[in-house]
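Encoded as structure tokens, the structure appears first; notes follow it.
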Amino acid sequence: MSTPSPALRILAPDEPPAFEVVNPQGRSSAVLLCDHASNAVPRSLPGLGMHEDALCQHTGWDIGAARLSRRLSALLDAPLVLSGYSRLVIDCNRPLGSPTSIPEISCGVPIPGNVIDAAEAMARADACFWPYHHAITALLDERRDRRKSTAILSLHSFTPSMPGEDRPWHAAILYGRDRRLAALFLEAMRREPGLCVGDNEPYYVTDGGDYGIPVHGEGRGLPCVLLEIRQDGLLSDEGVEAWAQRLAAIYREIEADLFPGAGSA
Ligand SMILES: [Zn+2]
């Protein structure tokens, strides 16, 4: 009798997959990533030992980010890859082994189910982290092979307040070494009256604290940006629609500067 593979031990065959690819043949130059799309936890890790409420809050996922990503994918005709499980199971935007990859505490809340050994951490990576990133790699390889212009937009949302800190920004443009796309987004968004936009704040992209931008963007030489929208702007259908329309309009406007001479298709 054989024992199930570590990944299968985490995720049963009848559970949702670790990632979803929407519109893989989309004609846009934009490829959208949503690392923190879901707050689902595999049955084998019952709620990570947390109260259900905690998983529904911003620590469990990026509230509104999946809905925004799906709508932007439709408006731009852009491929989109979404992760299938909570960032607290394993964070798809952290290097494996980093302290926040499988946090034992998040925003002051202990996560009893995350006090685990290295073998268990590897099983989670095989079940949830690698399938998501392999799907992105396959999508980007396929576009490279047909010489399709590509920029990466990583879509996130952030909580309006942290203990001792109210956040004035409606949105934030985050980047690491490659500022090409970020500069264009910043310039366009700052033209909008009343919109407060963070320039690499409240967070910024680093090799040690991020994965998607350094690896899939900078690692391939692709223009890339991490867009954070404040969560209170994404709580209603109208809010999601307004942000999707705004980001789609900006991307269409800056695309020609990003890929001069490439045409829209
Ligand atoms: Zn996020």
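Starting from 1 in every chain, residues are counted up; chains themselves are A, B, ... following the order of the structure tokens, and ligands are numbered from 1 as listed.
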Every residue of region 92-146 of chain A that DSSP places in alpha helix (DSSP H), as a PDB file with all heavy atoms, in the first residue's frame:
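Contents of out-v7.pdb, freshly written:
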```pdb
ATOM      1  N   ALA A 118       9.471  21.363   8.909  1.00  0.00           N
ATOM      2  CA  ALA A 118       9.901  21.659   7.536  1.00  0.00           C
ATOM      3  C   ALA A 118       9.219  20.755   6.514  1.00  0.00           C
ATOM      4  O   ALA A 118       8.905  21.188   5.395  1.00  0.00           O
ATOM      5  CB  ALA A 118      11.415  21.522   7.433  1.00  0.00           C
ATOM      6  N   ALA A 119       8.963  19.502   6.887  1.00  0.00           N
ATOM      7  CA  ALA A 119       8.321  18.577   5.943  1.00  0.00           C
ATOM      8  C   ALA A 119       6.894  19.027   5.631  1.00  0.00           C
ATOM      9  O   ALA A 119       6.432  18.976   4.490  1.00  0.00           O
ATOM     10  CB  ALA A 119       8.311  17.156   6.530  1.00  0.00           C
ATOM     11  N   GLU A 120       6.201  19.478   6.659  1.00  0.00           N
ATOM     12  CA  GLU A 120       4.834  19.970   6.474  1.00  0.00           C
ATOM     13  C   GLU A 120       4.833  21.247   5.626  1.00  0.00           C
ATOM     14  O   GLU A 120       3.968  21.442   4.766  1.00  0.00           O
ATOM     15  CB  GLU A 120       4.227  20.239   7.856  1.00  0.00           C
ATOM     16  CG  GLU A 120       2.824  20.812   7.849  1.00  0.00           C
ATOM     17  CD  GLU A 120       1.742  19.810   7.456  1.00  0.00           C
ATOM     18  OE1 GLU A 120       2.045  18.605   7.447  1.00  0.00           O
ATOM     19  OE2 GLU A 120       0.627  20.261   7.140  1.00  0.00           O
ATOM     20  N   ALA A 121       5.825  22.106   5.867  1.00  0.00           N
ATOM     21  CA  ALA A 121       5.925  23.336   5.070  1.00  0.00           C
ATOM     22  C   ALA A 121       6.166  22.993   3.605  1.00  0.00           C
ATOM     23  O   ALA A 121       5.571  23.607   2.698  1.00  0.00           O
ATOM     24  CB  ALA A 121       7.050  24.220   5.603  1.00  0.00           C
ATOM     25  N   MET A 122       6.991  21.982   3.364  1.00  0.00           N
ATOM     26  CA  MET A 122       7.273  21.586   1.984  1.00  0.00           C
ATOM     27  C   MET A 122       6.020  21.000   1.318  1.00  0.00           C
ATOM     28  O   MET A 122       5.752  21.233   0.142  1.00  0.00           O
ATOM     29  CB  MET A 122       8.417  20.568   1.971  1.00  0.00           C
ATOM     30  CG  MET A 122       9.104  20.457   0.621  1.00  0.00           C
ATOM     31  SD  MET A 122      10.404  19.219   0.612  1.00  0.00           S
ATOM     32  CE  MET A 122      11.559  19.971   1.730  1.00  0.00           C
ATOM     33  N   ALA A 123       5.249  20.260   2.094  1.00  0.00           N
ATOM     34  CA  ALA A 123       4.008  19.687   1.551  1.00  0.00           C
ATOM     35  C   ALA A 123       3.033  20.798   1.156  1.00  0.00           C
ATOM     36  O   ALA A 123       2.368  20.728   0.122  1.00  0.00           O
ATOM     37  CB  ALA A 123       3.367  18.748   2.580  1.00  0.00           C
ATOM     38  N   ARG A 124       2.964  21.830   1.960  1.00  0.00           N
ATOM     39  CA  ARG A 124       2.080  22.965   1.610  1.00  0.00           C
ATOM     40  C   ARG A 124       2.585  23.668   0.344  1.00  0.00           C
ATOM     41  O   ARG A 124       1.789  24.096  -0.493  1.00  0.00           O
ATOM     42  CB  ARG A 124       2.022  23.959   2.765  1.00  0.00           C
ATOM     43  CG  ARG A 124       1.208  23.442   3.926  1.00  0.00           C
ATOM     44  CD  ARG A 124       0.856  24.593   4.844  1.00  0.00           C
ATOM     45  NE  ARG A 124       0.454  24.096   6.151  1.00  0.00           N
ATOM     46  CZ  ARG A 124       0.104  24.873   7.157  1.00  0.00           C
ATOM     47  NH1 ARG A 124       0.139  26.190   7.008  1.00  0.00           N
ATOM     48  NH2 ARG A 124      -0.259  24.355   8.307  1.00  0.00           N
ATOM     49  N   TRP A 130       3.648  26.016  -5.424  1.00  0.00           N
ATOM     50  CA  TRP A 130       4.247  25.699  -6.725  1.00  0.00           C
ATOM     51  C   TRP A 130       3.233  25.577  -7.849  1.00  0.00           C
ATOM     52  O   TRP A 130       3.485  26.074  -8.964  1.00  0.00           O
ATOM     53  CB  TRP A 130       5.143  24.457  -6.626  1.00  0.00           C
ATOM     54  CG  TRP A 130       6.429  24.754  -5.907  1.00  0.00           C
ATOM     55  CD1 TRP A 130       6.888  24.166  -4.766  1.00  0.00           C
ATOM     56  CD2 TRP A 130       7.418  25.744  -6.254  1.00  0.00           C
ATOM     57  NE1 TRP A 130       8.079  24.726  -4.376  1.00  0.00           N
ATOM     58  CE2 TRP A 130       8.437  25.685  -5.278  1.00  0.00           C
ATOM     59  CE3 TRP A 130       7.536  26.673  -7.290  1.00  0.00           C
ATOM     60  CZ2 TRP A 130       9.555  26.524  -5.309  1.00  0.00           C
ATOM     61  CZ3 TRP A 130       8.651  27.508  -7.320  1.00  0.00           C
ATOM     62  CH2 TRP A 130       9.645  27.426  -6.353  1.00  0.00           C
ATOM     63  N   PRO A 131       2.093  24.935  -7.624  1.00  0.00           N
ATOM     64  CA  PRO A 131       1.132  24.853  -8.754  1.00  0.00           C
ATOM     65  C   PRO A 131       0.722  26.236  -9.261  1.00  0.00           C
ATOM     66  O   PRO A 131       0.614  26.458 -10.471  1.00  0.00           O
ATOM     67  CB  PRO A 131      -0.060  24.104  -8.143  1.00  0.00           C
ATOM     68  CG  PRO A 131       0.538  23.295  -7.038  1.00  0.00           C
ATOM     69  CD  PRO A 131       1.636  24.150  -6.467  1.00  0.00           C
ATOM     70  N   TYR A 132       0.502  27.176  -8.367  1.00  0.00           N
ATOM     71  CA  TYR A 132       0.143  28.552  -8.750  1.00  0.00           C
ATOM     72  C   TYR A 132       1.275  29.183  -9.568  1.00  0.00           C
ATOM     73  O   TYR A 132       1.058  29.730 -10.658  1.00  0.00           O
ATOM     74  CB  TYR A 132      -0.145  29.357  -7.477  1.00  0.00           C
ATOM     75  CG  TYR A 132      -0.351  30.845  -7.680  1.00  0.00           C
ATOM     76  CD1 TYR A 132      -1.473  31.333  -8.334  1.00  0.00           C
ATOM     77  CD2 TYR A 132       0.592  31.754  -7.203  1.00  0.00           C
ATOM     78  CE1 TYR A 132      -1.660  32.705  -8.505  1.00  0.00           C
ATOM     79  CE2 TYR A 132       0.408  33.123  -7.361  1.00  0.00           C
ATOM     80  CZ  TYR A 132      -0.716  33.595  -8.021  1.00  0.00           C
ATOM     81  OH  TYR A 132      -0.901  34.939  -8.195  1.00  0.00           O
ATOM     82  N   HIS A 133       2.490  29.087  -9.063  1.00  0.00           N
ATOM     83  CA  HIS A 133       3.608  29.735  -9.772  1.00  0.00           C
ATOM     84  C   HIS A 133       3.981  29.003 -11.056  1.00  0.00           C
ATOM     85  O   HIS A 133       4.387  29.636 -12.034  1.00  0.00           O
ATOM     86  CB  HIS A 133       4.801  29.910  -8.829  1.00  0.00           C
ATOM     87  CG  HIS A 133       4.541  30.997  -7.831  1.00  0.00           C
ATOM     88  ND1 HIS A 133       4.404  32.317  -8.198  1.00  0.00           N
ATOM     89  CD2 HIS A 133       4.318  30.947  -6.498  1.00  0.00           C
ATOM     90  CE1 HIS A 133       4.136  33.049  -7.131  1.00  0.00           C
ATOM     91  NE2 HIS A 133       4.068  32.237  -6.095  1.00  0.00           N
ATOM     92  N   HIS A 134       3.824  27.689 -11.077  1.00  0.00           N
ATOM     93  CA  HIS A 134       4.085  26.971 -12.332  1.00  0.00           C
ATOM     94  C   HIS A 134       3.063  27.367 -13.398  1.00  0.00           C
ATOM     95  O   HIS A 134       3.395  27.439 -14.588  1.00  0.00           O
ATOM     96  CB  HIS A 134       4.078  25.458 -12.103  1.00  0.00           C
ATOM     97  CG  HIS A 134       5.296  24.981 -11.364  1.00  0.00           C
ATOM     98  ND1 HIS A 134       5.312  23.815 -10.631  1.00  0.00           N
ATOM     99  CD2 HIS A 134       6.530  25.531 -11.227  1.00  0.00           C
ATOM    100  CE1 HIS A 134       6.524  23.665 -10.082  1.00  0.00           C
ATOM    101  NE2 HIS A 134       7.265  24.690 -10.435  1.00  0.00           N
ATOM    102  N   ALA A 135       1.850  27.630 -12.992  1.00  0.00           N
ATOM    103  CA  ALA A 135       0.828  28.080 -13.960  1.00  0.00           C
ATOM    104  C   ALA A 135       1.212  29.440 -14.541  1.00  0.00           C
ATOM    105  O   ALA A 135       1.058  29.689 -15.747  1.00  0.00           O
ATOM    106  CB  ALA A 135      -0.540  28.158 -13.273  1.00  0.00           C
ATOM    107  N   ILE A 136       1.729  30.328 -13.699  1.00  0.00           N
ATOM    108  CA  ILE A 136       2.166  31.651 -14.182  1.00  0.00           C
ATOM    109  C   ILE A 136       3.360  31.485 -15.120  1.00  0.00           C
ATOM    110  O   ILE A 136       3.405  32.087 -16.207  1.00  0.00           O
ATOM    111  CB  ILE A 136       2.538  32.566 -12.990  1.00  0.00           C
ATOM    112  CG1 ILE A 136       1.313  32.821 -12.112  1.00  0.00           C
ATOM    113  CG2 ILE A 136       3.120  33.891 -13.486  1.00  0.00           C
ATOM    114  CD1 ILE A 136       1.633  33.460 -10.759  1.00  0.00           C
ATOM    115  N   THR A 137       4.317  30.664 -14.715  1.00  0.00           N
ATOM    116  CA  THR A 137       5.500  30.436 -15.559  1.00  0.00           C
ATOM    117  C   THR A 137       5.093  29.889 -16.919  1.00  0.00           C
ATOM    118  O   THR A 137       5.593  30.346 -17.959  1.00  0.00           O
ATOM    119  CB  THR A 137       6.463  29.449 -14.850  1.00  0.00           C
ATOM    120  OG1 THR A 137       6.887  30.049 -13.622  1.00  0.00           O
ATOM    121  CG2 THR A 137       7.680  29.144 -15.708  1.00  0.00           C
ATOM    122  N   ALA A 138       4.179  28.928 -16.938  1.00  0.00           N
ATOM    123  CA  ALA A 138       3.746  28.326 -18.214  1.00  0.00           C
ATOM    124  C   ALA A 138       3.079  29.380 -19.098  1.00  0.00           C
ATOM    125  O   ALA A 138       3.323  29.447 -20.318  1.00  0.00           O
ATOM    126  CB  ALA A 138       2.794  27.161 -17.943  1.00  0.00           C
ATOM    127  N   LEU A 139       2.255  30.208 -18.491  1.00  0.00           N
ATOM    128  CA  LEU A 139       1.568  31.269 -19.244  1.00  0.00           C
ATOM    129  C   LEU A 139       2.586  32.250 -19.838  1.00  0.00           C
ATOM    130  O   LEU A 139       2.506  32.637 -21.013  1.00  0.00           O
ATOM    131  CB  LEU A 139       0.605  32.001 -18.307  1.00  0.00           C
ATOM    132  CG  LEU A 139      -0.213  33.138 -18.893  1.00  0.00           C
ATOM    133  CD1 LEU A 139      -1.359  32.600 -19.739  1.00  0.00           C
ATOM    134  CD2 LEU A 139      -0.773  34.014 -17.784  1.00  0.00           C
ATOM    135  N   LEU A 140       3.567  32.639 -19.034  1.00  0.00           N
ATOM    136  CA  LEU A 140       4.561  33.617 -19.497  1.00  0.00           C
ATOM    137  C   LEU A 140       5.507  32.993 -20.527  1.00  0.00           C
ATOM    138  O   LEU A 140       5.923  33.664 -21.482  1.00  0.00           O
ATOM    139  CB  LEU A 140       5.346  34.185 -18.307  1.00  0.00           C
ATOM    140  CG  LEU A 140       4.501  34.987 -17.305  1.00  0.00           C
ATOM    141  CD1 LEU A 140       5.357  35.407 -16.112  1.00  0.00           C
ATOM    142  CD2 LEU A 140       3.874  36.220 -17.963  1.00  0.00           C
ATOM    143  N   ASP A 141       5.843  31.712 -20.357  1.00  0.00           N
ATOM    144  CA  ASP A 141       6.687  31.023 -21.350  1.00  0.00           C
ATOM    145  C   ASP A 141       5.985  30.993 -22.701  1.00  0.00           C
ATOM    146  O   ASP A 141       6.606  31.227 -23.745  1.00  0.00           O
ATOM    147  CB  ASP A 141       6.972  29.578 -20.918  1.00  0.00           C
ATOM    148  CG  ASP A 141       8.032  29.501 -19.821  1.00  0.00           C
ATOM    149  OD1 ASP A 141       8.657  30.534 -19.511  1.00  0.00           O
ATOM    150  OD2 ASP A 141       8.213  28.391 -19.278  1.00  0.00           O
ATOM    151  N   GLU A 142       4.698  30.689 -22.655  1.00  0.00           N
ATOM    152  CA  GLU A 142       3.933  30.573 -23.904  1.00  0.00           C
ATOM    153  C   GLU A 142       3.885  31.931 -24.617  1.00  0.00           C
ATOM    154  O   GLU A 142       4.043  32.016 -25.832  1.00  0.00           O
ATOM    155  CB  GLU A 142       2.534  30.044 -23.571  1.00  0.00           C
ATOM    156  CG  GLU A 142       1.699  29.608 -24.757  1.00  0.00           C
ATOM    157  CD  GLU A 142       0.855  30.745 -25.312  1.00  0.00           C
ATOM    158  OE1 GLU A 142       0.473  31.665 -24.545  1.00  0.00           O
ATOM    159  OE2 GLU A 142       0.595  30.727 -26.534  1.00  0.00           O
ATOM    160  N   ARG A 143       3.715  32.995 -23.879  1.00  0.00           N
ATOM    161  CA  ARG A 143       3.691  34.333 -24.487  1.00  0.00           C
ATOM    162  C   ARG A 143       5.080  34.709 -25.024  1.00  0.00           C
ATOM    163  O   ARG A 143       5.200  35.302 -26.096  1.00  0.00           O
ATOM    164  CB  ARG A 143       3.210  35.368 -23.453  1.00  0.00           C
ATOM    165  CG  ARG A 143       1.735  35.204 -23.103  1.00  0.00           C
ATOM    166  CD  ARG A 143       1.346  36.088 -21.937  1.00  0.00           C
ATOM    167  NE  ARG A 143       1.348  37.504 -22.264  1.00  0.00           N
ATOM    168  CZ  ARG A 143       0.273  38.187 -22.681  1.00  0.00           C
ATOM    169  NH1 ARG A 143      -0.900  37.574 -22.820  1.00  0.00           N
ATOM    170  NH2 ARG A 143       0.350  39.467 -22.938  1.00  0.00           N
ATOM    171  N   ARG A 144       6.115  34.368 -24.286  1.00  0.00           N
ATOM    172  CA  ARG A 144       7.486  34.644 -24.756  1.00  0.00           C
ATOM    173  C   ARG A 144       7.729  33.925 -26.093  1.00  0.00           C
ATOM    174  O   ARG A 144       8.261  34.508 -27.029  1.00  0.00           O
ATOM    175  CB  ARG A 144       8.487  34.146 -23.703  1.00  0.00           C
ATOM    176  CG  ARG A 144       9.951  34.318 -24.096  1.00  0.00           C
ATOM    177  CD  ARG A 144      10.825  33.366 -23.297  1.00  0.00           C
ATOM    178  NE  ARG A 144      10.419  31.978 -23.509  1.00  0.00           N
ATOM    179  CZ  ARG A 144      10.631  30.988 -22.652  1.00  0.00           C
ATOM    180  NH1 ARG A 144      11.241  31.213 -21.515  1.00  0.00           N
ATOM    181  NH2 ARG A 144      10.223  29.755 -22.923  1.00  0.00           N
ATOM    182  N   ASP A 145       7.278  32.666 -26.173  1.00  0.00           N
ATOM    183  CA  ASP A 145       7.533  31.880 -27.387  1.00  0.00           C
ATOM    184  C   ASP A 145       6.849  32.478 -28.607  1.00  0.00           C
ATOM    185  O   ASP A 145       7.322  32.303 -29.731  1.00  0.00           O
ATOM    186  CB  ASP A 145       7.077  30.424 -27.181  1.00  0.00           C
ATOM    187  CG  ASP A 145       7.969  29.709 -26.176  1.00  0.00           C
ATOM    188  OD1 ASP A 145       9.052  30.256 -25.845  1.00  0.00           O
ATOM    189  OD2 ASP A 145       7.574  28.624 -25.704  1.00  0.00           O
TER     190      ASP A 145
END
```
For this session: Using only C-alpha atoms, determine which residues lie at most 7 Å from Ser69 (chain A), disregarding the query and same-chain residues fewer than 4 positions distant; provide the list as a list of chain:residue names.
Result: A:Cys34, A:Ala65, A:Ser73, A:Leu155
For this session: Give as a PyMOL selection string the residues surrounding ligand 1 up to a distance of 8 Å, considering only C-alpha atoms and all ligand atoms.
Result: chain A and resi 34-36+61-62+93+155-158+228
Problem set entry | Top pick for closest residue to Ser106 (chain A), considering A:His58, A:Arg146, A:Arg94, A:Arg190 and counting only C-alpha atoms |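 Of A:His58, A:Arg146, A:Arg94, A:Arg190, the one nearest Ser106 (chain A), counting only C-alpha atoms, is A:His58.
Restricting the calculation to only C-alpha atoms, the smallest distance between Leu32 (chain A) and any of A:Cys224, A:Ile105, A:Ile90, A:Ile229 is found for A:Cys224.
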For this session: Using only C-alpha atoms, pick whichever of A:Gly60, A:Pro112, A:Gly84, A:Pro193 has the shortest atom-to-atom distance to Pro42 (chain A).
Result: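 So, comparing all the options, the nearest one is A:Gly84.
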For this session: Write out as number ranges by chain which residues come within 8 Å of Val89 (chain A) when counting only C-alpha atoms, dropping same-chain ones fewer than 3 positions away.
Result: A: 41, 48, 85-86, 102, 114, 124
Got time to write the residues from that selection, C-alpha atoms, as a CSV table (one decimal), in the first residue's frame?
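The resulting file, part-v4.csv, is reproduced below:
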```csv
chain,number,residue,atom,x,y,z
A,41,VAL,CA,-8.3,26.6,3.8
A,48,LEU,CA,-5.6,26.5,10.8
A,85,TYR,CA,-6.1,29.2,-1.0
A,86,SER,CA,-5.5,31.6,1.9
A,102,ILE,CA,3.7,30.4,6.8
A,114,ASN,CA,1.0,27.1,11.4
A,124,ARG,CA,2.1,23.0,1.6
```
Problem set entry | Residue set, region 89-248 of chain A restricted to strand (DSSP E or B), as a PyMOL selection string | chain A and resi 105-106+109-110+151-158+161-162+165-166+171-174+197-199+224-230
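The nearest approach to His170 (chain A) among the residues A:Gln231, A:Ile111, A:Leu153, A:Ala127, with only C-alpha atoms taken into account, belongs to A:Gln231.
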Quick one: contact table of region 71-97 of chain A to region 200-217 of chain A, 10 Å max, nearest atom pair and distance in Å to one decimal per residue, counting only C-alpha atoms, chain and number order, as JSON lines?
```
{"residue": "A:Asp91", "atom": "CA", "partner": "A:Tyr211", "partner_atom": "CA", "distance": 9.3}
{"residue": "A:Cys92", "atom": "CA", "partner": "A:Tyr211", "partner_atom": "CA", "distance": 7.2}
{"residue": "A:Asn93", "atom": "CA", "partner": "A:Tyr211", "partner_atom": "CA", "distance": 4.6}
{"residue": "A:Arg94", "atom": "CA", "partner": "A:Asp210", "partner_atom": "CA", "distance": 4.7}
{"residue": "A:Pro95", "atom": "CA", "partner": "A:Tyr211", "partner_atom": "CA", "distance": 5.6}
{"residue": "A:Leu96", "atom": "CA", "partner": "A:Tyr211", "partner_atom": "CA", "distance": 9.0}
{"residue": "A:Gly97", "atom": "CA", "partner": "A:Gly208", "partner_atom": "CA", "distance": 10.0}
```
For this session: Excluding Ala30 (chain A) and residues on its chain fewer than 4 positions from it, collect all residues at most 7 Å away from it, counting only C-alpha atoms, and give them as a PyMOL selection string.
Result: chain A and resi 78+150-153
For this session: Tell me, in Å to one decimal, how far CA of Asp178 (chain A) is from CA of Tyr251 (chain A).
Result: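 Going from CA of Asp178 (chain A) over to CA of Tyr251 (chain A) covers 17.0 Å.
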Exercise. Within 6 Å of Val81 (chain A), counting only C-alpha atoms, which residues qualify if same-chain residues fewer than 6 places away don't, as a ChimeraX atom specification?
Worked result: /A:20-21,33
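Taking CA of Pro160 (chain A) and CA of Gly233 (chain A) as endpoints, the distance between them is 9.5 Å.
Between Cys196 (chain A) and the residues A:Cys107, A:Ala40, A:Ile173, A:Met162, the shortest atom-to-atom distance, using only C-alpha atoms, involves A:Ile173.
Closest approach to Pro17 (chain A) among A:Ser83, A:Asp126, A:Ala172, A:Val31 is made by A:Ser83 (distances from only C-alpha atoms).
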Exercise. Separation of CA of Pro99 (chain A) and CA of Phe129 (chain A), in Å?
Worked result: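 The value is 15.4 Å.
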